[in-house]
Amino acid sequence: MADSAQTQFISQLKRYYSLYTGGVIGFVVLLSILEQMGVPNKVLGYIFLGVTVSLYAGIGILSRTSDVAEYYVAGRRIPALFNGMATAADWMSAASFIGLAGTLYISGYDGLAFVMGWTGGFCLVALFLAPYLRKFGQFTIPDFLGARYGGDVPRVIGVFAAILCSFTYVIAQIYGLGLIVSRFTGLDFGIGVFVGLGSILLCSFLGGMRAVTWTQVSQYVILIVAYMIPVIWLSVKHTGNPVPQLAYGYVLQQVTAREQVLNDPTTAEGEREAEVRALFSQQQAQHEAKLRALEAGGADYLATEKTELAATVAKLKAERSTTPEMLAEAKNSLAKLPKDVAGARAAWQMAADAERARAAPISPHAEPFAAPDEAGRDIKRKNFLALVLCLMVGTAALPHILMRFYTTTSVKEARLSVFWSLAFISLLYITAPALAVLAKYDVYTLLVGSSFSELPSWVSAWAAVDKTLMSVTDMNRDGIVQLAEITLGGDLVVLATPEIAGLPYVVTALVAAGGLAAALSTADGLMLTIANALSHDIYYKMIDPAAPTSRRLAISKGLLLLVAICGAYVTSLKPGDILFLVGAAFSLAASAFFPALVLGIFWKRANRSGAVIGMVGGLAVCMYYMYRTYPFFGVNGSLWWDINPISAGIFGMPVGFIGIVLGSLLTRAPDLQIQAMVDHVRYPRLATDADIEKV
Amino acid sequence: MKRGVIVQLDAKHKRYWRSNLRLTGMLLAIWFIATFVVSWFARELQALTFLGFPLPFYMAAQGALLIYVVLIGIYAWRMDKLDRQFDIQEEQ
């Protein structure tokens with residue numbers, strides 16, 4: 001009976017979402033017709049963002065609910081396939097959608113740590129967590145810690161850690177939202193942030209998990225279509241094969257061949273590259289000389305420098321032969337001279353570092369751990385593996401992902417839905433490295449060697465938008481573009497692919513809508529996690545267990561608003577770079593949650609004291625290492641075993657495990673009820689299920 | 001939690017749990033090799049090619065991901081069989 005109702009529900013969902021996908025494609029076709037008719041790009045961009053955001057809001061309003069189980073876990077009746085899609089959208093953030101291909105473009109093989117780390121973690125989710133959490137069947141992750149270890153202390157630590165990592169992660173999403181909205185509509189960054197947040201709230205405010213689930217499914221459709229179309233096009237352009245994932249191996253070989261030519265000074269092109277790199281070396285040497293003089297002379301040196309520059313300007317003004325450009329350049333260097341010693345040190349150091357990077361030969365895309373010497377390669381390999389492990393374990397510990405597995409109908413469906421999640425996620429993650437290689441091929445063969453007088457239109461268009469994303473300067477004044485003369489920001493790769501591939505503007509707008517969908521869906525899930533941790537775990541479970549349903553939901557919604565406002569405020573301070581924030585969230589989650597969750601299921605002897613020691617210890621070590629080594633905090637302590645701050649979890653995790661084991665063994669075993677609860681989550685059906693679920 | 005809810009586990013349950021652990025361990029070993037062992041020896045494997053890719057690049061960009069998906073698929077399928085074999089599958 002219930003079974004046939006669920007079957008009907010699934011076929012209904014399939015019909016709706018097939019219609020929806022057709023609608024999305026029809027909408028894109030309609031807009032491309034409008035573009036042919038001469039509707040301006042800006043208007044198209046507005047229509048695209050407006051329509052998609054109101055669509056999400058519409059789903060949010062349709063899914064409004066005042067039922068607790070619907071609000072927190074979507075009534076536990078999401079079919080595996082759809083939960084997989086929702087998890088995929090929940091999972092893939094602005095960093096995956098926009099940042100990943102760019103990171104791969106810039107770091108080649110070494111960037112693949114993100115590809116493996118962000119997918120392999122789902123093996124841990126499937127094997128260690130999802131089915132057991134589903135059997136446990138409550139509302140939040142701190143719920144599990146509270147029930148398994150008993151008492152409020154593990155629950156409170158869980159709430160603290162859940163908020164810490166989700167908040168760090170949500171900042172990165174809001175930041176991405178602000179960037180996309182401001183770039184494609186021309187609104188100010190701050191307004192972009194608030195527009196983005198408004199649409200997040202519209203989705204989740206009324207319907208909680210239920211609304212978030214159905215918007216996430218529709219967001220997945222948009223983001224995957226938006227990602228695939230330009231890559232397929234680019235693949236057809238360069239290989240004639242519409243399956244980029246298969247075709248790009250041979251493109252990679254050609255890229256490698258080009259790298260060798262450009263790195264070899266005996267070839268004509270290589271010679272010109274070497275010439276440009278030598279110019280950067282010179283500039284680097286000049287900046288370093290200035291830095292040394294600054295260390296020796298201090299403020300006096302800066303003052304002399306200023307007088308000299310002012311004298312040059314005066315002299316140029318007096319001379320007849322001076323061209324306006326020469327005068328402008330001299331005035332510019334005077335204006336750019338830093339005001340004080342600290343400012344000068346920072347600015348010149350940054351300039352010297354950037355020039356050193358540009359003076360270096362091309363690092364081969366396909367070569368693992370490229371470094372000048374064996375020690376350097378070893379450090380890179382170590383960091384690669386550490387990052388992969390932290391991202392994987394972090395994946396299996398981020399509460400907004402784990403929470404999704406409470407929403408399936410059964411344990412069996414929970415296992416299946418991890419499979420679907422990873423299948424949907426892999427579609428994008430297998431495509432991203434292909435995109436990076438295809439874009440690189442385009443730049444290496446079509447842009448490099450072209451003439452400055454006829455640059456491809458996308459280059460000048462993006463250079464006009466943002467100089468850090470795209471700029472080309474003719475360093476050696478030969479009128480021809482050399483690779484070393486190109487500055488290309490990572491985010492450009494995804495954003496500019498439609499134009500690189502020669503597609504109409506509609507596809508660019510579609511990509512922006514896809515990036516927006518990725519950021520919104522992740523932010524939705526994260527904010528819900530934070531609000532639920534506070535309203536369910538703190539308020540309902542600890543402060544007022546007798547609270548009526550309506551008050552619980554009202555408090556949850558109020559907190560959602562509060563979290564959104566805090567998030568927007570912190571984002572407006574622009575703290576650090578997105579990739580680090582994201583990585584930090586993973587390390588924090590890996591250190592705080594993973595050991596306590598896994599041992600809680602697989603080791604009956606684990607008890608409260610152990611869990612408290614392990615969670616606090618792991619989190620503390622992880623946070624301390626980040627504080628000590630991440631430049632943002634200004635401590636600049638030495639690294640432990642050369643591990644970068646982004647992988648701080650590599651120290652937090654073992655501390656967490658050891659803490660739980662030692663703490664548990666030194667104190668009494670948990671009582672029989674707790675052990676019964678462990679059995680309850682281990683077996684899909686036990687005779688005592690009804691008794692345990694009643695309490 | 002209510003006092004006195006204590007499960008009587010019989011030999012069947014213990015066998016089920018052991019089979020589960022064995023399966024989990026096996027899949028985890030494959031996961032570990034595909035991820036960490038292959039990456040550790042990436043430079044040594046660089047000369048091998050697959051579909052036009054250097055093998056380590058292929059593994060990190062595609063191979064490992066496909067392995068992960070298959071691993072999770074096998075786990076879901078085997079566990080469902082195991083549930084039924086030991087008659088502890090959920091009621092529909």
# chains A, B, ... in the order shown; residues from 1 in each chain; ligands from 1

$ interface_residues --of "chain A" --to "chain B" --cutoff "6 Å" --atoms "only C-alpha atoms" --output "PyMOL selection string"
chain A and resi 249-250+415-416+419+430+676+684-685+695

$ write_last_selection --atoms "N, CA and C atoms" --output "short mmCIF file (atom, residue, chain, number, x, y, z; two decimals), in the first residue's frame"
data_model
loop_
_atom_site.label_atom_id
_atom_site.label_comp_id
_atom_site.auth_asym_id
_atom_site.auth_seq_id
_atom_site.Cartn_x
_atom_site.Cartn_y
_atom_site.Cartn_z
N GLY A 249 42.33 13.50 -23.94
CA GLY A 249 43.64 12.88 -23.76
C GLY A 249 44.61 13.31 -24.86
N TYR A 250 44.08 13.34 -26.09
CA TYR A 250 44.95 13.70 -27.21
C TYR A 250 45.22 15.19 -27.24
N ARG A 415 21.62 3.98 1.09
CA ARG A 415 22.82 3.47 0.41
C ARG A 415 22.76 3.80 -1.06
N LEU A 416 21.61 3.57 -1.68
CA LEU A 416 21.47 3.84 -3.10
C LEU A 416 21.64 5.32 -3.40
N PHE A 419 25.08 6.43 -3.93
CA PHE A 419 25.51 6.06 -5.28
C PHE A 419 25.08 7.13 -6.29
N ILE A 430 34.34 15.04 -13.62
CA ILE A 430 35.11 14.43 -14.70
C ILE A 430 35.24 15.42 -15.85
N ALA A 676 22.77 -0.84 23.18
CA ALA A 676 21.60 -1.27 22.43
C ALA A 676 21.33 -0.31 21.28
N PRO A 684 19.57 -3.07 9.85
CA PRO A 684 18.41 -2.39 9.26
C PRO A 684 17.11 -2.74 9.99
N ARG A 685 16.95 -3.98 10.48
CA ARG A 685 15.73 -4.29 11.23
C ARG A 685 16.08 -5.15 12.44
N VAL A 695 11.20 5.92 22.33
CA VAL A 695 11.74 6.83 23.33
C VAL A 695 12.35 8.10 22.75
#

$ residues_around --residues "Leu81 in chain A" --least-positions-apart "3" --cutoff "12 Å" --atoms "only C-alpha atoms" --output "JSON, numbers by chain"
{"A": [10, 11, 13, 14, 17, 77, 78, 84, 85, 86, 87, 88, 217, 408, 409, 413, 414, 415, 416, 417, 418, 419, 420, 421, 422, 423, 424]}

$ residues_around --residues "Ser556 in chain A" --least-positions-apart "5" --cutoff "8 Å" --atoms "only C-alpha atoms" --output "JSON, numbers by chain"
{"A": [531, 532, 534, 535, 536]}

$ residues_around --residues "Gly108 in chain A" --least-positions-apart "6" --cutoff "10 Å" --atoms "only C-alpha atoms" --output "PyMOL selection string"
(chain A and resi 101-102+363-370+433+436-437) or (chain B and resi 57)

$ closest_residue --among "A:Val341, A:Ala523, A:Ala293, A:Leu104" --to "Gly567 in chain A" --atoms "only C-alpha atoms"
A:Ala523

$ residues_around --residues "Thr140 in chain A" --least-positions-apart "3" --cutoff "12 Å" --atoms "only C-alpha atoms" --output "PyMOL selection string"
chain A and resi 69+72-73+133-134+136-137+143-147+155+158-159+162+209+398-407+528-538+541

$ select_by_dssp --residues "range 2-67 of chain B" --states "strand (DSSP E or B)" --output "PyMOL selection string"
chain B and resi 49-50+53-54

$ residues_around --residues "range 493-505 of chain A" --least-positions-apart "6" --cutoff "6 Å" --atoms "only C-alpha atoms" --output "ChimeraX atom specification"
/A:98,102,230,234,458

$ select_by_dssp --residues "range 475-513 of chain A" --states "helix (DSSP H, G or I)" --output "PyMOL selection string"
chain A and resi 483-485+492-500+505-513

$ closest_residue --among "A:Leu665, A:Met92, A:Ala509, A:Val255" --to "Glu35 in chain A" --atoms "only C-alpha atoms"
A:Ala509

$ residues_around --residues "range 224-227 of chain A" --least-positions-apart "6" --cutoff "7 Å" --atoms "only C-alpha atoms" --output "PyMOL selection string"
chain A and resi 428+510-511+514

$ write_last_selection --atoms "N, CA and C atoms" --output "PDB file, in the first residue's frame"
ATOM      1  N   LEU A 428      30.137  16.326 -13.263  1.00  0.00           N
ATOM      2  CA  LEU A 428      30.799  17.632 -13.340  1.00  0.00           C
ATOM      3  C   LEU A 428      32.306  17.509 -13.083  1.00  0.00           C
ATOM      4  N   LEU A 510      23.654  31.717 -19.273  1.00  0.00           N
ATOM      5  CA  LEU A 510      23.308  30.416 -18.705  1.00  0.00           C
ATOM      6  C   LEU A 510      24.378  29.967 -17.710  1.00  0.00           C
ATOM      7  N   VAL A 511      25.656  30.176 -18.060  1.00  0.00           N
ATOM      8  CA  VAL A 511      26.743  29.801 -17.156  1.00  0.00           C
ATOM      9  C   VAL A 511      26.655  30.601 -15.858  1.00  0.00           C
ATOM     10  N   GLY A 514      24.049  29.107 -13.871  1.00  0.00           N
ATOM     11  CA  GLY A 514      24.538  27.853 -13.304  1.00  0.00           C
ATOM     12  C   GLY A 514      25.387  28.099 -12.067  1.00  0.00           C
TER      13      GLY A 514
END

$ closest_residue --among "A:Leu573, A:Leu127, A:Ala285, A:Ala330" --to "Arg22 in chain B" --atoms "only C-alpha atoms"
A:Leu127

$ atom_distance --atom1 "CA of Ser426 in chain A" --atom2 "CA of Ile643 in chain A"
27.8 Å

$ atom_distance --atom1 "CA of Thr119 in chain A" --atom2 "CA of Leu387 in chain A"
12.9 Å
